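Colleague: To start, I am sharing the structure in question, which I have written as structure tokens.
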Amino acid sequence: FLQFTSGSTGSAKGVIIDHGNLASNCCYALALFQQEAAFRQTEVVCTTWLPMYHDMGLVLATCGPLFFGGQVHFMSPVDFLVDPLVWFDVMSLTKSNVSMAPNFAYNLVNRKWNSERAKAWDLSAMRCLYNSAEPIQLSTVQGFLRRMQQDVPSFPAEAYGVGYGMAESVAAIGISGFPHPIIVSQRHPTMVASVPNVAFYGFTEIVNPDTLQLVAQEGDIGEIWVRSPCIARGYWMQTELTTAAFHHTLPGLDGQWFRTGDLGFVERGHLFISG
């Protein structure tokens with residue numbers, strides 16, 4: 001299928017996703033989930049309000065759970081925007097163990113928080129509640145986890161995780177494994193690692209975008225390059241743009257690499273997105 005980039009940093013482009021790309025993304029997610037013993041003993045149950053035309057809604061919240069033989073409970077995005085807490089009402093009712101949303105959603109939940117309502121939730125089944133698809137704000141993460149700790153003791157804090165991805169990698173480039181640590185940069189104390197422990201669906205390197213060589217040392221900022229079976233075939237009817245972004249090589253390393261266009265650095269083995 002074709003899925004279009006958001007167009008937030010340039011003109012929207014149609015990304016060519018083949019069956020191997022989609023299956024690889026689902027397989028990697030399954031492998032990460034099965035690191036958690038609870039997932040080997042029960043089916044995946046996901047609640048989502050993300051629209052199907054969003055790659056996270058289509059792939060991670062729908063195709064992934066169905067690929068695992070699980071179930072998905074759908075909500076309208078409008079219902080979430082009107083009342084963000086209904087998302088957690090439904091997760092409590094369905095005993096969901098997987099869900100995900102961009103950072104703005106958790107910020108909205110923080111703003112609309114109702115302690116009395118939250119105290120009625122049973123989120124003990126939750127194993128993966130991801131924050132991804134946008135820059136992750138430390139204040140949002142801390143505010144959400146503080147409210148959960150105060151009012152929802154059934155929620156396992158280690159279930160809250162983060163991820164990094166884009167349309168060119170089907171959905172995810174990497175998500176945090178188990179348990180889900182929230183890692184803060186020592187050099188930049190307001191930045192949260194987008195992929196702790198570099199739990200990638202493949203391989204990643206930080207490259208100097210001017211010299212096209214690997215950065216000299218850990219902590220240096222450069223462009224994030226990725227090699228993975230999840231990386232798409234290219235852009236639909238955009239030969240020049242496909243050549244510019246896909247099928248690159250790095251000296252001394254195997255395979256073809258995709259240039260994400262994002263800047264980042266690795267610190268203590270964790271990936272941080274910086275621009």
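In the structure tokens, the first chain shown is A, the next is B, and so on; residue numbers restart at 1 for each chain, and ligands run from 1 in the order shown.
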Taking the DSSP secondary structure from the backbone, can you list the residues of segment 73-198 of chain A that are helix (DSSP H, G or I), as a ChimeraX atom specification?

Modeller: /A:77-82,86-94,103-111,115-118,138-151,157-159,167-169,196-198

Colleague: Write out as number ranges by chain the residues lying within 9 Å of segment 263-272 of chain A, counting only C-alpha atoms and excluding same-chain residues fewer than 3 positions away.

Modeller: A: 183, 185-187, 191-199, 206, 218-224, 260, 275

Colleague: Filtering to all heavy atoms, could you give me those residues as a short mmCIF file (atom, residue, chain, number, x, y, z; two decimals), in the first residue's frame?

Modeller:
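Below is the file again-v3.cif, written as the result:
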data_model
loop_
_atom_site.label_atom_id
_atom_site.label_comp_id
_atom_site.auth_asym_id
_atom_site.auth_seq_id
_atom_site.Cartn_x
_atom_site.Cartn_y
_atom_site.Cartn_z
N ILE A 183 14.39 7.48 30.19
CA ILE A 183 15.79 7.89 30.33
C ILE A 183 15.92 9.37 29.98
O ILE A 183 15.50 9.80 28.90
CB ILE A 183 16.71 7.07 29.41
CG1 ILE A 183 16.51 5.56 29.66
CG2 ILE A 183 18.16 7.48 29.60
CD1 ILE A 183 16.92 5.11 31.04
N SER A 185 18.47 12.67 29.38
CA SER A 185 19.85 12.96 29.00
C SER A 185 20.59 13.67 30.12
O SER A 185 20.06 14.57 30.77
CB SER A 185 19.86 13.82 27.74
OG SER A 185 21.17 14.31 27.47
N GLN A 186 21.84 13.27 30.35
CA GLN A 186 22.67 13.96 31.33
C GLN A 186 23.19 15.28 30.78
O GLN A 186 23.35 16.24 31.53
CB GLN A 186 23.85 13.06 31.73
CG GLN A 186 23.42 11.80 32.48
CD GLN A 186 24.58 10.90 32.84
OE1 GLN A 186 25.69 11.04 32.32
NE2 GLN A 186 24.35 9.95 33.76
N ARG A 187 23.41 15.35 29.48
CA ARG A 187 23.90 16.58 28.86
C ARG A 187 22.79 17.59 28.64
O ARG A 187 23.00 18.80 28.72
CB ARG A 187 24.57 16.27 27.51
CG ARG A 187 25.77 15.37 27.59
CD ARG A 187 26.43 15.25 26.23
NE ARG A 187 27.59 14.37 26.25
CZ ARG A 187 28.42 14.22 25.23
NH1 ARG A 187 28.23 14.89 24.10
NH2 ARG A 187 29.45 13.40 25.31
N MET A 191 15.59 16.50 27.86
CA MET A 191 15.36 15.60 26.75
C MET A 191 15.18 14.15 27.23
O MET A 191 15.94 13.67 28.07
CB MET A 191 16.52 15.66 25.74
CG MET A 191 16.67 17.02 25.07
SD MET A 191 17.98 17.02 23.82
CE MET A 191 17.30 15.87 22.62
N VAL A 192 14.16 13.49 26.66
CA VAL A 192 13.87 12.09 26.98
C VAL A 192 14.35 11.22 25.82
O VAL A 192 14.13 11.56 24.65
CB VAL A 192 12.36 11.88 27.20
CG1 VAL A 192 12.04 10.41 27.46
CG2 VAL A 192 11.87 12.75 28.34
N ALA A 193 14.97 10.09 26.13
CA ALA A 193 15.40 9.16 25.08
C ALA A 193 14.19 8.63 24.33
O ALA A 193 13.23 8.15 24.94
CB ALA A 193 16.20 8.01 25.68
N SER A 194 14.21 8.72 23.00
CA SER A 194 13.11 8.20 22.20
C SER A 194 13.16 6.70 22.06
O SER A 194 12.14 6.04 21.87
CB SER A 194 13.12 8.86 20.81
OG SER A 194 12.79 10.22 20.91
N VAL A 195 14.36 6.12 22.13
CA VAL A 195 14.50 4.66 22.12
C VAL A 195 15.54 4.27 23.16
O VAL A 195 16.73 4.21 22.86
CB VAL A 195 14.88 4.12 20.73
CG1 VAL A 195 14.83 2.59 20.73
CG2 VAL A 195 13.96 4.66 19.66
N PRO A 196 15.12 4.02 24.39
CA PRO A 196 16.08 3.55 25.39
C PRO A 196 16.69 2.21 24.98
O PRO A 196 16.02 1.38 24.36
CB PRO A 196 15.22 3.40 26.65
CG PRO A 196 14.02 4.26 26.41
CD PRO A 196 13.78 4.20 24.93
N ASN A 197 17.93 2.04 25.33
CA ASN A 197 18.66 0.79 25.05
C ASN A 197 18.73 0.47 23.56
O ASN A 197 18.98 -0.67 23.18
CB ASN A 197 18.02 -0.39 25.80
CG ASN A 197 18.02 -0.18 27.30
OD1 ASN A 197 18.97 0.35 27.83
ND2 ASN A 197 16.94 -0.54 27.95
N VAL A 198 18.49 1.47 22.70
CA VAL A 198 18.57 1.33 21.25
C VAL A 198 17.91 0.03 20.81
O VAL A 198 18.51 -0.81 20.13
CB VAL A 198 20.03 1.41 20.78
CG1 VAL A 198 20.10 1.61 19.27
CG2 VAL A 198 20.75 2.59 21.42
N ALA A 199 16.64 -0.12 21.19
CA ALA A 199 15.88 -1.34 20.86
C ALA A 199 15.29 -1.21 19.46
O ALA A 199 14.10 -1.03 19.29
CB ALA A 199 14.78 -1.56 21.89
N ILE A 206 24.68 7.10 13.73
CA ILE A 206 24.65 8.56 13.71
C ILE A 206 25.75 9.01 12.76
O ILE A 206 26.92 8.66 12.94
CB ILE A 206 24.87 9.16 15.11
CG1 ILE A 206 23.88 8.56 16.12
CG2 ILE A 206 24.74 10.67 15.06
CD1 ILE A 206 22.43 8.83 15.80
N GLU A 218 30.43 8.86 20.88
CA GLU A 218 29.10 8.88 21.45
C GLU A 218 28.81 10.27 22.01
O GLU A 218 29.68 10.91 22.61
CB GLU A 218 28.98 7.84 22.57
CG GLU A 218 27.60 7.79 23.19
CD GLU A 218 27.44 6.67 24.20
OE1 GLU A 218 27.31 5.50 23.79
OE2 GLU A 218 27.44 6.99 25.41
N GLY A 219 27.61 10.74 21.78
CA GLY A 219 27.21 12.06 22.23
C GLY A 219 27.25 13.11 21.15
O GLY A 219 26.61 14.17 21.28
N ASP A 220 28.01 12.84 20.06
CA ASP A 220 28.05 13.79 18.95
C ASP A 220 26.71 13.75 18.20
O ASP A 220 26.14 12.69 17.97
CB ASP A 220 29.17 13.43 17.97
CG ASP A 220 30.55 13.73 18.53
OD1 ASP A 220 30.62 14.39 19.59
OD2 ASP A 220 31.54 13.30 17.92
N ILE A 221 26.22 14.92 17.82
CA ILE A 221 24.96 15.02 17.09
C ILE A 221 25.21 14.82 15.60
O ILE A 221 26.18 15.32 15.03
CB ILE A 221 24.30 16.39 17.34
CG1 ILE A 221 23.88 16.51 18.80
CG2 ILE A 221 23.09 16.59 16.42
CD1 ILE A 221 23.31 17.86 19.18
N GLY A 222 24.36 14.05 14.98
CA GLY A 222 24.43 13.82 13.55
C GLY A 222 23.09 13.36 13.02
O GLY A 222 22.08 13.34 13.75
N GLU A 223 23.04 13.00 11.75
CA GLU A 223 21.81 12.51 11.15
C GLU A 223 21.62 11.02 11.47
O GLU A 223 22.58 10.25 11.45
CB GLU A 223 21.84 12.70 9.63
CG GLU A 223 20.52 12.30 8.96
CD GLU A 223 20.55 12.47 7.45
OE1 GLU A 223 21.62 12.84 6.91
OE2 GLU A 223 19.50 12.23 6.81
N ILE A 224 20.40 10.64 11.75
CA ILE A 224 20.08 9.25 12.07
C ILE A 224 19.89 8.47 10.77
O ILE A 224 19.05 8.82 9.95
CB ILE A 224 18.82 9.16 12.94
CG1 ILE A 224 19.01 9.95 14.24
CG2 ILE A 224 18.46 7.71 13.24
CD1 ILE A 224 17.73 10.22 14.99
N THR A 260 17.14 9.38 7.57
CA THR A 260 15.87 9.82 8.13
C THR A 260 15.65 11.32 8.00
O THR A 260 14.51 11.78 8.00
CB THR A 260 15.78 9.46 9.63
OG1 THR A 260 16.75 10.23 10.36
CG2 THR A 260 16.01 7.97 9.84
N GLY A 275 16.55 17.09 16.60
CA GLY A 275 16.07 18.05 15.61
C GLY A 275 15.68 17.38 14.31
O GLY A 275 15.84 16.19 14.15
#

Colleague: Could you give me, as a count of residues only, the residues within 7 Å of segment 107-124 of chain A, counting only C-alpha atoms and dropping anything in the same chain fewer than 6 positions from it?

Modeller: 13

Colleague: If you run DSSP over the backbone, which residues in segment 64-206 of chain A end up strand (DSSP E or B)? Put them as number ranges by chain.

Modeller: A: 71-74, 98-101, 128-131, 137, 160-165, 172-175, 184, 191-192, 195, 200, 203-206

Colleague: So which residues touch Phe74 of chain A within 12 Å, counting only C-alpha atoms, skipping near sequence neighbours fewer than 4 positions away, as a list in words?

Modeller: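 Final neighbour list, sorted by chain and number: Val45, Cys46, Thr47, Thr48, Trp49, Leu50, Pro51, Met52, Gly57, Leu58, Ala61, Thr62, Val78, Asp79, Phe80, Val86, Trp87, Val90, Met91, Thr94, Ser96 and Ser99 of chain A.
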
Colleague: I need the chosen residues saved as a CSV table (one decimal), in the first residue's frame, with N, CA, C and O atoms.

Modeller:
chain,number,residue,atom,x,y,z
A,45,VAL,N,-4.6,-7.2,23.7
A,45,VAL,CA,-5.9,-6.5,23.7
A,45,VAL,C,-5.6,-5.0,23.6
A,45,VAL,O,-4.9,-4.5,24.5
A,46,CYS,N,-5.9,-4.4,22.5
A,46,CYS,CA,-5.5,-3.0,22.3
A,46,CYS,C,-6.8,-2.1,22.2
A,46,CYS,O,-7.8,-2.5,21.6
A,47,THR,N,-6.7,-0.9,22.8
A,47,THR,CA,-7.8,0.1,22.6
A,47,THR,C,-7.1,1.3,21.9
A,47,THR,O,-6.1,1.7,22.4
A,48,THR,N,-7.8,1.8,20.9
A,48,THR,CA,-7.2,2.9,20.1
A,48,THR,C,-8.3,3.8,19.6
A,48,THR,O,-9.3,3.4,19.3
A,49,TRP,N,-7.9,5.1,19.6
A,49,TRP,CA,-8.7,6.1,19.0
A,49,TRP,C,-8.0,6.7,17.8
A,49,TRP,O,-8.5,7.6,17.2
A,50,LEU,N,-6.8,6.2,17.5
A,50,LEU,CA,-6.0,6.8,16.4
A,50,LEU,C,-6.7,6.5,15.1
A,50,LEU,O,-7.1,5.3,14.9
A,51,PRO,N,-6.7,7.4,14.2
A,51,PRO,CA,-7.4,7.2,12.9
A,51,PRO,C,-6.6,6.2,12.0
A,51,PRO,O,-5.3,6.1,12.1
A,52,MET,N,-7.2,5.5,11.2
A,52,MET,CA,-6.6,4.5,10.3
A,52,MET,C,-5.7,5.1,9.3
A,52,MET,O,-4.8,4.5,8.8
A,57,GLY,N,-1.9,4.4,13.9
A,57,GLY,CA,-3.2,3.8,14.1
A,57,GLY,C,-3.4,2.6,13.2
A,57,GLY,O,-4.0,1.6,13.6
A,58,LEU,N,-2.9,2.6,12.0
A,58,LEU,CA,-3.1,1.5,11.0
A,58,LEU,C,-2.2,0.3,11.4
A,58,LEU,O,-2.7,-0.8,11.5
A,61,ALA,N,-1.5,0.0,16.0
A,61,ALA,CA,-2.7,-0.2,16.9
A,61,ALA,C,-3.7,-1.2,16.2
A,61,ALA,O,-4.6,-1.7,16.9
A,62,THR,N,-3.5,-1.5,14.9
A,62,THR,CA,-4.5,-2.4,14.3
A,62,THR,C,-3.9,-3.6,13.7
A,62,THR,O,-4.1,-4.7,14.1
A,78,VAL,N,-12.7,11.8,17.5
A,78,VAL,CA,-13.5,13.0,18.0
A,78,VAL,C,-13.9,12.7,19.5
A,78,VAL,O,-13.9,13.6,20.3
A,79,ASP,N,-14.3,11.5,19.8
A,79,ASP,CA,-14.7,11.2,21.2
A,79,ASP,C,-13.5,11.4,22.1
A,79,ASP,O,-13.7,11.9,23.2
A,80,PHE,N,-12.3,11.1,21.7
A,80,PHE,CA,-11.2,11.3,22.5
A,80,PHE,C,-10.9,12.8,22.7
A,80,PHE,O,-10.7,13.2,23.8
A,86,VAL,N,-12.1,9.3,28.4
A,86,VAL,CA,-12.8,8.1,28.0
A,86,VAL,C,-11.9,7.1,27.4
A,86,VAL,O,-12.3,5.9,27.5
A,87,TRP,N,-10.8,7.5,26.9
A,87,TRP,CA,-9.8,6.5,26.5
A,87,TRP,C,-9.4,5.5,27.6
A,87,TRP,O,-9.4,4.3,27.4
A,90,VAL,N,-12.3,3.1,28.6
A,90,VAL,CA,-12.5,2.0,27.8
A,90,VAL,C,-11.4,1.0,28.0
A,90,VAL,O,-11.6,-0.2,28.1
A,91,MET,N,-10.1,1.4,28.2
A,91,MET,CA,-9.0,0.5,28.5
A,91,MET,C,-9.3,-0.2,29.8
A,91,MET,O,-9.0,-1.4,29.9
A,94,THR,N,-12.2,-2.9,29.1
A,94,THR,CA,-11.8,-4.0,28.2
A,94,THR,C,-10.6,-4.7,28.7
A,94,THR,O,-10.1,-5.7,28.1
A,96,SER,N,-7.5,-3.8,28.6
A,96,SER,CA,-6.5,-3.7,27.5
A,96,SER,C,-5.1,-3.7,28.1
A,96,SER,O,-4.8,-3.2,29.2
A,99,SER,N,-1.7,0.1,24.2
A,99,SER,CA,-2.3,1.2,23.6
A,99,SER,C,-1.2,2.2,23.3
A,99,SER,O,0.0,2.0,23.8

Colleague: Quick one, how far is atom CA of Thr243 of chain A from atom CA of Tyr53 of chain A?

Modeller: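 Result for atom CA of Thr243 of chain A versus atom CA of Tyr53 of chain A: 25.9 Å, one decimal.
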